[in-house]
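For reference, work.csv (CSV, C-alpha atoms):
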```
chain,number,residue,atom,x,y,z
A,1413,MET,CA,26.1,10.0,-3.3
A,1414,GLY,CA,25.6,8.2,0.0
A,1415,ILE,CA,24.5,4.7,0.7
A,1416,GLU,CA,20.9,5.8,1.4
A,1417,GLU,CA,20.5,7.3,-2.1
A,1418,LEU,CA,22.1,4.2,-3.7
A,1419,SER,CA,19.8,1.9,-1.7
A,1420,LEU,CA,16.8,4.0,-2.6
A,1421,GLY,CA,17.7,3.8,-6.3
A,1422,VAL,CA,18.3,0.1,-6.3
A,1423,ASN,CA,15.0,-0.6,-4.3
A,1424,THR,CA,13.0,1.7,-6.6
A,1425,THR,CA,14.4,-0.1,-9.7
A,1426,TRP,CA,13.3,-3.5,-8.3
A,1427,VAL,CA,9.9,-2.2,-7.4
A,1428,VAL,CA,9.4,-0.9,-10.9
A,1429,LEU,CA,10.6,-4.1,-12.5
A,1430,THR,CA,8.4,-6.2,-10.3
A,1431,ALA,CA,5.4,-4.0,-11.1
A,1432,ALA,CA,6.1,-4.3,-14.8
A,1433,MET,CA,6.4,-8.1,-14.6
A,1434,ILE,CA,3.1,-8.4,-12.7
A,1435,LEU,CA,1.4,-6.0,-15.1
A,1436,LEU,CA,2.4,-8.0,-18.1
A,1437,MET,CA,1.6,-11.4,-16.5
A,1438,GLU,CA,-1.8,-10.4,-15.0
A,1439,GLY,CA,-3.1,-7.7,-17.4
A,1440,GLY,CA,-1.1,-8.2,-20.5
A,1441,PHE,CA,-0.7,-5.6,-23.2
A,1442,GLU,CA,-4.4,-4.7,-23.1
A,1443,LEU,CA,-4.0,-3.2,-19.6
A,1444,LEU,CA,-0.8,-1.5,-20.6
A,1445,GLY,CA,-2.6,0.1,-23.5
A,1446,ILE,CA,-5.4,1.4,-21.2
A,1447,GLN,CA,-2.8,2.8,-18.8
A,1448,PHE,CA,-1.0,4.5,-21.8
A,1449,ILE,CA,-4.3,6.1,-22.9
A,1450,GLY,CA,-4.8,7.3,-19.3
A,1451,LEU,CA,-1.2,8.8,-19.3
A,1452,VAL,CA,-1.9,10.6,-22.6
A,1453,ALA,CA,-5.3,11.9,-21.3
A,1454,LEU,CA,-3.8,13.2,-18.0
A,1455,SER,CA,-0.9,14.8,-19.8
A,1456,ALA,CA,-3.3,16.6,-22.2
A,1457,ARG,CA,-5.5,17.7,-19.3
A,1458,GLY,CA,-2.5,19.1,-17.5
A,1459,PHE,CA,-1.2,20.9,-20.6
A,1460,ILE,CA,-4.7,22.4,-21.3
A,1461,ALA,CA,-5.3,23.5,-17.7
A,1462,THR,CA,-1.8,25.1,-17.5
A,1463,TRP,CA,-2.4,26.9,-20.8
A,1464,PHE,CA,-5.7,28.3,-19.7
A,1465,GLY,CA,-4.4,29.2,-16.3
A,1466,LEU,CA,-1.5,31.1,-17.7
A,1467,LYS,CA,-3.8,32.9,-20.1
A,1468,ALA,CA,-6.1,33.9,-17.2
A,1469,ILE,CA,-3.1,35.2,-15.2
A,1470,ALA,CA,-1.8,37.1,-18.2
A,1471,LEU,CA,-5.0,39.1,-18.2
A,1472,LEU,CA,-4.2,40.4,-14.8
A,1473,VAL,CA,-0.4,40.8,-14.8
A,1474,PRO,CA,2.3,40.5,-17.5
A,1475,LEU,CA,4.0,37.1,-17.6
A,1476,ARG,CA,7.0,38.3,-19.5
A,1477,SER,CA,9.6,40.9,-18.6
A,1478,THR,CA,10.2,43.9,-20.9
A,1479,GLU,CA,13.2,44.1,-23.2
A,1480,GLU,CA,14.7,46.8,-21.0
A,1481,GLU,CA,14.4,44.7,-17.9
A,1482,GLU,CA,16.0,41.8,-19.7
A,1483,GLU,CA,18.8,44.1,-20.9
A,1484,VAL,CA,19.5,45.4,-17.4
A,1485,GLY,CA,19.1,42.0,-15.9
A,1486,LEU,CA,16.2,40.5,-14.0
A,1487,ASP,CA,18.0,40.4,-10.7
A,1488,ILE,CA,18.5,44.1,-10.8
A,1489,SER,CA,15.2,45.1,-12.3
A,1490,TYR,CA,13.1,42.9,-10.0
A,1491,HIS,CA,15.2,42.7,-6.8
A,1492,GLY,CA,17.5,45.7,-7.1
A,1493,ILE,CA,20.7,43.7,-6.5
A,1494,ILE,CA,23.5,42.4,-8.7
A,1495,ALA,CA,23.5,38.6,-8.4
A,1496,ALA,CA,26.7,37.5,-10.1
A,1497,ASN,CA,28.0,39.7,-12.9
A,1498,GLN,CA,30.6,42.1,-11.5
A,1499,SER,CA,32.1,43.3,-14.8
A,1500,HIS,CA,32.9,47.0,-15.2
A,1501,GLU,CA,30.4,47.6,-18.1
A,1502,PHE,CA,27.6,45.9,-16.2
A,1503,ILE,CA,28.1,48.0,-13.1
A,1504,GLU,CA,28.1,51.2,-15.1
A,1505,TYR,CA,24.8,50.1,-16.8
A,1506,TYR,CA,23.4,49.3,-13.4
A,1507,ASN,CA,24.3,52.8,-12.1
A,1508,GLN,CA,22.6,54.3,-15.1
A,1509,TYR,CA,19.5,52.2,-14.5
A,1510,GLU,CA,19.4,53.3,-10.8
A,1511,GLN,CA,19.6,57.0,-11.9
A,1512,THR,CA,16.6,56.6,-14.3
A,1513,GLU,CA,14.6,54.8,-11.7
A,1514,GLN,CA,15.1,57.6,-9.2
A,1515,LYS,CA,13.9,60.3,-11.6
```
What does the file become when written as structure tokens?
Amino acid sequence: MGIEELSLGVNTTWVVLTAAMILLMEGGFELLGIQFIGLVALSARGFIATWFGLKAIALLVPLRSTEEEEEVGLDISYHGIIAANQSHEFIEYYNQYEQTEQK
């Protein structure tokens, strides 16, 4: 961690603490409650919009991979490369997968 990151963290902490003190002095807990309701409403809207968006996308393309793709490994089944696992068993299974893909 460099001095820039440390300085940014310290300054951000002071800004948040100052904003919280001003909020409580000027608006009190009533304003804090209103902001909390806004936070909950925006979170609910984001969740609902994401859920409907994913449902709409799922109508066009599958969102999940098949069990066979998961068994082989998503790096191989989607990209055709071995990402990290170099064990003997895995390479044999990869070669079998390539042979079935070519047929």
Next item on the list: Quick one: pull the distance between CA of Trp1426 in chain A and CA of Gly1439 in chain A, Å, one decimal.
Entry: 19.2 Å
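The interatomic distance for the pair CA of Arg1476 in chain A and CA of Tyr1490 in chain A works out to 12.2 Å.
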Note to self: Between CA of Val1428 in chain A and CA of Leu1444 in chain A, what is the distance in Å, rounded to a tenth?
What the structure shows: 14.1 Å
Atoms are missing here; could range 1445-1463 of chain A be completed with N, CA and C atoms and written as a short mmCIF file (atom, residue, chain, number, x, y, z; two decimals), keeping the file's coordinate frame?
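Below is the file result-v4.cif, written as the result:
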```
data_model
loop_
_atom_site.label_atom_id
_atom_site.label_comp_id
_atom_site.auth_asym_id
_atom_site.auth_seq_id
_atom_site.Cartn_x
_atom_site.Cartn_y
_atom_site.Cartn_z
N GLY A 1445 -2.03 -0.86 -22.56
CA GLY A 1445 -2.60 0.10 -23.50
C GLY A 1445 -3.58 1.06 -22.83
N ILE A 1446 -4.40 0.52 -21.92
CA ILE A 1446 -5.40 1.40 -21.20
C ILE A 1446 -4.60 2.36 -20.31
N GLN A 1447 -3.54 1.92 -19.67
CA GLN A 1447 -2.80 2.80 -18.80
C GLN A 1447 -2.07 3.89 -19.70
N PHE A 1448 -1.63 3.52 -20.89
CA PHE A 1448 -1.00 4.50 -21.80
C PHE A 1448 -2.03 5.55 -22.22
N ILE A 1449 -3.25 5.13 -22.50
CA ILE A 1449 -4.30 6.10 -22.90
C ILE A 1449 -4.57 7.03 -21.67
N GLY A 1450 -4.58 6.50 -20.46
CA GLY A 1450 -4.80 7.30 -19.30
C GLY A 1450 -3.62 8.33 -19.12
N LEU A 1451 -2.40 7.88 -19.39
CA LEU A 1451 -1.20 8.80 -19.30
C LEU A 1451 -1.36 9.91 -20.31
N VAL A 1452 -1.74 9.60 -21.54
CA VAL A 1452 -1.90 10.60 -22.60
C VAL A 1452 -3.02 11.60 -22.18
N ALA A 1453 -4.13 11.07 -21.67
CA ALA A 1453 -5.30 11.90 -21.30
C ALA A 1453 -4.88 12.85 -20.14
N LEU A 1454 -4.19 12.34 -19.14
CA LEU A 1454 -3.80 13.20 -18.00
C LEU A 1454 -2.76 14.24 -18.45
N SER A 1455 -1.86 13.87 -19.34
CA SER A 1455 -0.90 14.80 -19.80
C SER A 1455 -1.57 15.95 -20.63
N ALA A 1456 -2.54 15.58 -21.46
CA ALA A 1456 -3.30 16.60 -22.20
C ALA A 1456 -4.08 17.49 -21.30
N ARG A 1457 -4.71 16.91 -20.29
CA ARG A 1457 -5.50 17.70 -19.30
C ARG A 1457 -4.56 18.68 -18.59
N GLY A 1458 -3.41 18.23 -18.18
CA GLY A 1458 -2.50 19.10 -17.50
C GLY A 1458 -1.98 20.23 -18.37
N PHE A 1459 -1.68 19.91 -19.64
CA PHE A 1459 -1.20 20.90 -20.60
C PHE A 1459 -2.33 21.99 -20.79
N ILE A 1460 -3.55 21.53 -21.03
CA ILE A 1460 -4.70 22.40 -21.30
C ILE A 1460 -4.97 23.31 -20.07
N ALA A 1461 -5.00 22.69 -18.90
CA ALA A 1461 -5.30 23.50 -17.70
C ALA A 1461 -4.19 24.50 -17.42
N THR A 1462 -2.94 24.14 -17.65
CA THR A 1462 -1.80 25.10 -17.50
C THR A 1462 -1.94 26.22 -18.47
N TRP A 1463 -2.26 25.89 -19.73
CA TRP A 1463 -2.40 26.90 -20.80
C TRP A 1463 -3.47 27.92 -20.43
#
```
